[in-house]
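Peer 1: To start, I am sharing the structure in question, which I have written as structure tokens.
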Amino acid sequence: MRLLVFDDPALQEPYEWLVEDGGDVHDAMRALARQAYRRNRRELPDDAVEDQLRAFGRVDARRYVPPA
């Protein structure tokens with residue numbers, strides 16, 4: 001079980017989290033970031049997702065590193 005967190009301070013409600021029970025967290029992290037932007041009625045371009053996750057994504061309190 002892992003705690004996935006996306007916390008972009010530029011968003012009005014920046015804190016999104018999800019408990020994931022699986023091996024690959026990358027799809028869940030991308031969905032979590034998109035959900036945070038949708039909730040704030042902002043657009044997150046597909047080419048910006050990896051950069052935003054690298055800056056504001058955490059897995060079990062460690063910085064998230066997207067796959068290369």
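How things are named: the first chain in the structure tokens is A, the next is B, and so on; residues count from 1 in each chain; ligands count from 1 in the order shown.
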Write out as a PDB file with N, CA and C atoms, in the first residue's frame each polymer residue whose atoms come within 6 Å of range 12-22 of chain A, counting only C-alpha atoms; drop sequence neighbours fewer than 6 positions from it.

Peer 2:
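What landed in result-v9.pdb:
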```pdb
ATOM      1  N   MET A   1       0.848  -1.172   0.000  1.00  0.00           N
ATOM      2  CA  MET A   1       0.000   0.000   0.000  1.00  0.00           C
ATOM      3  C   MET A   1       0.894   1.234   0.000  1.00  0.00           C
ATOM      4  N   ARG A   2       0.578   2.195  -0.873  1.00  0.00           N
ATOM      5  CA  ARG A   2       1.361   3.426  -0.979  1.00  0.00           C
ATOM      6  C   ARG A   2       0.443   4.631  -0.921  1.00  0.00           C
ATOM      7  N   LEU A   3       0.949   5.697  -0.353  1.00  0.00           N
ATOM      8  CA  LEU A   3       0.221   6.959  -0.324  1.00  0.00           C
ATOM      9  C   LEU A   3       0.781   7.848  -1.430  1.00  0.00           C
ATOM     10  N   LEU A   4      -0.059   8.209  -2.390  1.00  0.00           N
ATOM     11  CA  LEU A   4       0.339   9.078  -3.491  1.00  0.00           C
ATOM     12  C   LEU A   4      -0.188  10.475  -3.207  1.00  0.00           C
ATOM     13  N   VAL A   5       0.658  11.490  -3.349  1.00  0.00           N
ATOM     14  CA  VAL A   5       0.283  12.866  -3.038  1.00  0.00           C
ATOM     15  C   VAL A   5       0.689  13.772  -4.188  1.00  0.00           C
ATOM     16  N   PHE A   6      -0.215  14.680  -4.573  1.00  0.00           N
ATOM     17  CA  PHE A   6       0.095  15.731  -5.533  1.00  0.00           C
ATOM     18  C   PHE A   6      -0.286  17.046  -4.883  1.00  0.00           C
TER      19      PHE A   6
END
```

Peer 1: Would you please extract all strand (DSSP E or B) residues from range 6-66 of chain A, as assigned by DSSP on the backbone, and give them as a ChimeraX atom specification?

Peer 2: /A:6-7,15-20,57-59,62-63

Peer 1: Could those selected residues go to a file with all heavy atoms, as a tab-separated table (two decimals), in the first residue's frame?

Peer 2:
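Generated file (result.tsv):
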```tsv
chain	number	residue	atom	x	y	z
A	6	PHE	N	-0.22	14.68	-4.57
A	6	PHE	CA	0.09	15.73	-5.53
A	6	PHE	C	-0.29	17.05	-4.88
A	6	PHE	O	-1.43	17.26	-4.53
A	6	PHE	CB	-0.68	15.54	-6.84
A	6	PHE	CG	-0.36	16.58	-7.87
A	6	PHE	CD1	0.84	16.54	-8.55
A	6	PHE	CD2	-1.23	17.61	-8.13
A	6	PHE	CE1	1.16	17.50	-9.49
A	6	PHE	CE2	-0.94	18.58	-9.06
A	6	PHE	CZ	0.27	18.52	-9.75
A	7	ASP	N	0.70	17.93	-4.71
A	7	ASP	CA	0.49	19.16	-3.95
A	7	ASP	C	1.11	20.35	-4.70
A	7	ASP	O	2.25	20.72	-4.46
A	7	ASP	CB	1.12	19.02	-2.57
A	7	ASP	CG	0.81	20.19	-1.65
A	7	ASP	OD1	-0.10	20.96	-1.97
A	7	ASP	OD2	1.48	20.33	-0.63
A	15	TYR	N	-4.00	20.18	-2.51
A	15	TYR	CA	-3.63	18.89	-1.94
A	15	TYR	C	-4.55	17.78	-2.42
A	15	TYR	O	-5.74	17.77	-2.13
A	15	TYR	CB	-3.69	19.00	-0.41
A	15	TYR	CG	-3.03	17.86	0.30
A	15	TYR	CD1	-1.65	17.77	0.35
A	15	TYR	CD2	-3.77	16.89	0.92
A	15	TYR	CE1	-1.03	16.74	1.02
A	15	TYR	CE2	-3.16	15.85	1.59
A	15	TYR	CZ	-1.78	15.78	1.63
A	15	TYR	OH	-1.17	14.76	2.29
A	16	GLU	N	-4.02	16.85	-3.19
A	16	GLU	CA	-4.75	15.66	-3.63
A	16	GLU	C	-3.98	14.45	-3.15
A	16	GLU	O	-2.75	14.42	-3.21
A	16	GLU	CB	-4.83	15.61	-5.16
A	16	GLU	CG	-5.73	16.63	-5.79
A	16	GLU	CD	-7.20	16.29	-5.66
A	16	GLU	OE1	-7.55	15.11	-5.52
A	16	GLU	OE2	-8.00	17.22	-5.72
A	17	TRP	N	-4.67	13.42	-2.71
A	17	TRP	CA	-3.99	12.20	-2.29
A	17	TRP	C	-4.81	10.98	-2.66
A	17	TRP	O	-6.01	11.07	-2.94
A	17	TRP	CB	-3.71	12.21	-0.79
A	17	TRP	CG	-4.93	12.27	0.05
A	17	TRP	CD1	-5.61	13.37	0.44
A	17	TRP	CD2	-5.65	11.15	0.58
A	17	TRP	NE1	-6.70	13.02	1.18
A	17	TRP	CE2	-6.75	11.66	1.28
A	17	TRP	CE3	-5.47	9.78	0.52
A	17	TRP	CZ2	-7.67	10.82	1.92
A	17	TRP	CZ3	-6.37	8.96	1.17
A	17	TRP	CH2	-7.45	9.49	1.86
A	18	LEU	N	-4.14	9.86	-2.71
A	18	LEU	CA	-4.76	8.60	-3.11
A	18	LEU	C	-3.96	7.48	-2.48
A	18	LEU	O	-2.73	7.51	-2.46
A	18	LEU	CB	-4.72	8.48	-4.64
A	18	LEU	CG	-5.15	7.18	-5.28
A	18	LEU	CD1	-6.66	7.01	-5.15
A	18	LEU	CD2	-4.75	7.17	-6.74
A	19	VAL	N	-4.64	6.47	-1.96
A	19	VAL	CA	-3.97	5.28	-1.47
A	19	VAL	C	-4.02	4.25	-2.59
A	19	VAL	O	-5.10	3.91	-3.07
A	19	VAL	CB	-4.64	4.74	-0.18
A	19	VAL	CG1	-4.01	3.43	0.22
A	19	VAL	CG2	-4.53	5.76	0.93
A	20	GLU	N	-2.87	3.80	-3.02
A	20	GLU	CA	-2.76	2.87	-4.15
A	20	GLU	C	-2.25	1.53	-3.66
A	20	GLU	O	-1.24	1.48	-2.95
A	20	GLU	CB	-1.81	3.46	-5.19
A	20	GLU	CG	-1.52	2.57	-6.37
A	20	GLU	CD	-2.72	2.31	-7.25
A	20	GLU	OE1	-3.62	3.16	-7.32
A	20	GLU	OE2	-2.75	1.25	-7.86
A	57	GLY	N	4.78	15.88	-7.03
A	57	GLY	CA	4.29	14.54	-6.72
A	57	GLY	C	5.14	13.86	-5.66
A	57	GLY	O	6.36	14.02	-5.62
A	58	ARG	N	4.50	13.11	-4.79
A	58	ARG	CA	5.20	12.36	-3.74
A	58	ARG	C	4.60	10.95	-3.64
A	58	ARG	O	3.40	10.77	-3.79
A	58	ARG	CB	5.04	13.02	-2.36
A	58	ARG	CG	5.49	14.46	-2.29
A	58	ARG	CD	7.01	14.55	-2.21
A	58	ARG	NE	7.45	15.93	-2.10
A	58	ARG	CZ	7.76	16.69	-3.14
A	58	ARG	NH1	7.64	16.23	-4.36
A	58	ARG	NH2	8.19	17.93	-2.99
A	59	VAL	N	5.45	9.98	-3.37
A	59	VAL	CA	5.02	8.61	-3.10
A	59	VAL	C	5.58	8.26	-1.73
A	59	VAL	O	6.80	8.24	-1.55
A	59	VAL	CB	5.56	7.62	-4.16
A	59	VAL	CG1	5.15	6.20	-3.81
A	59	VAL	CG2	5.06	7.99	-5.55
A	62	ARG	N	8.24	10.50	-0.38
A	62	ARG	CA	9.44	10.67	-1.21
A	62	ARG	C	9.03	11.31	-2.53
A	62	ARG	O	7.94	11.07	-3.04
A	62	ARG	CB	10.09	9.32	-1.49
A	62	ARG	CG	10.74	8.71	-0.25
A	62	ARG	CD	11.45	7.41	-0.57
A	62	ARG	NE	10.61	6.43	-1.22
A	62	ARG	CZ	9.86	5.53	-0.58
A	62	ARG	NH1	9.84	5.51	0.74
A	62	ARG	NH2	9.15	4.66	-1.24
A	63	ARG	N	9.92	12.11	-3.10
A	63	ARG	CA	9.65	12.77	-4.38
A	63	ARG	C	9.37	11.73	-5.46
A	63	ARG	O	10.06	10.73	-5.56
A	63	ARG	CB	10.84	13.62	-4.77
A	63	ARG	CG	10.60	14.50	-5.95
A	63	ARG	CD	11.73	15.45	-6.14
A	63	ARG	NE	11.69	16.43	-5.06
A	63	ARG	CZ	11.39	17.71	-5.25
A	63	ARG	NH1	11.16	18.15	-6.45
A	63	ARG	NH2	11.36	18.54	-4.25
```

Peer 1: Can you tell me, as a PyMOL selection string, which residues in chain A count as helix (DSSP H, G or I) by DSSP?

Peer 2: chain A and resi 26-39+46-56

Peer 1: Rounded to one decimal in Å, what is the spacing between CA of Asp24 in chain A and CA of Val65 in chain A?

Peer 2: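 Taking CA of Asp24 in chain A and CA of Val65 in chain A, their separation equals 12.3 Å.
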
Peer 1: So how many Å separate CA of Ala61 in chain A and CA of Arg30 in chain A, to one decimal?

Peer 2: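 Atom-to-atom, CA of Ala61 in chain A to CA of Arg30 in chain A, that is 16.9 Å.
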
Peer 1: Name the residues in contact with range 42-44 of chain A at a cut-off of 12 Å, using only C-alpha atoms, excluding same-chain residues fewer than 2 positions from it; report them as a list of chain:residue names.

Peer 2: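 In the requested format, the answer is A:Asp8, A:Ala10, A:Leu11, A:Gln12, A:Glu13, A:Pro14, A:Arg30, A:Ala31, A:Leu32, A:Ala33, A:Arg34, A:Gln35, A:Ala36, A:Tyr37, A:Arg38, A:Arg39, A:Asn40, A:Asp46, A:Asp47, A:Ala48, A:Val49, A:Glu50, A:Asp51, A:Gln52, A:Leu53.
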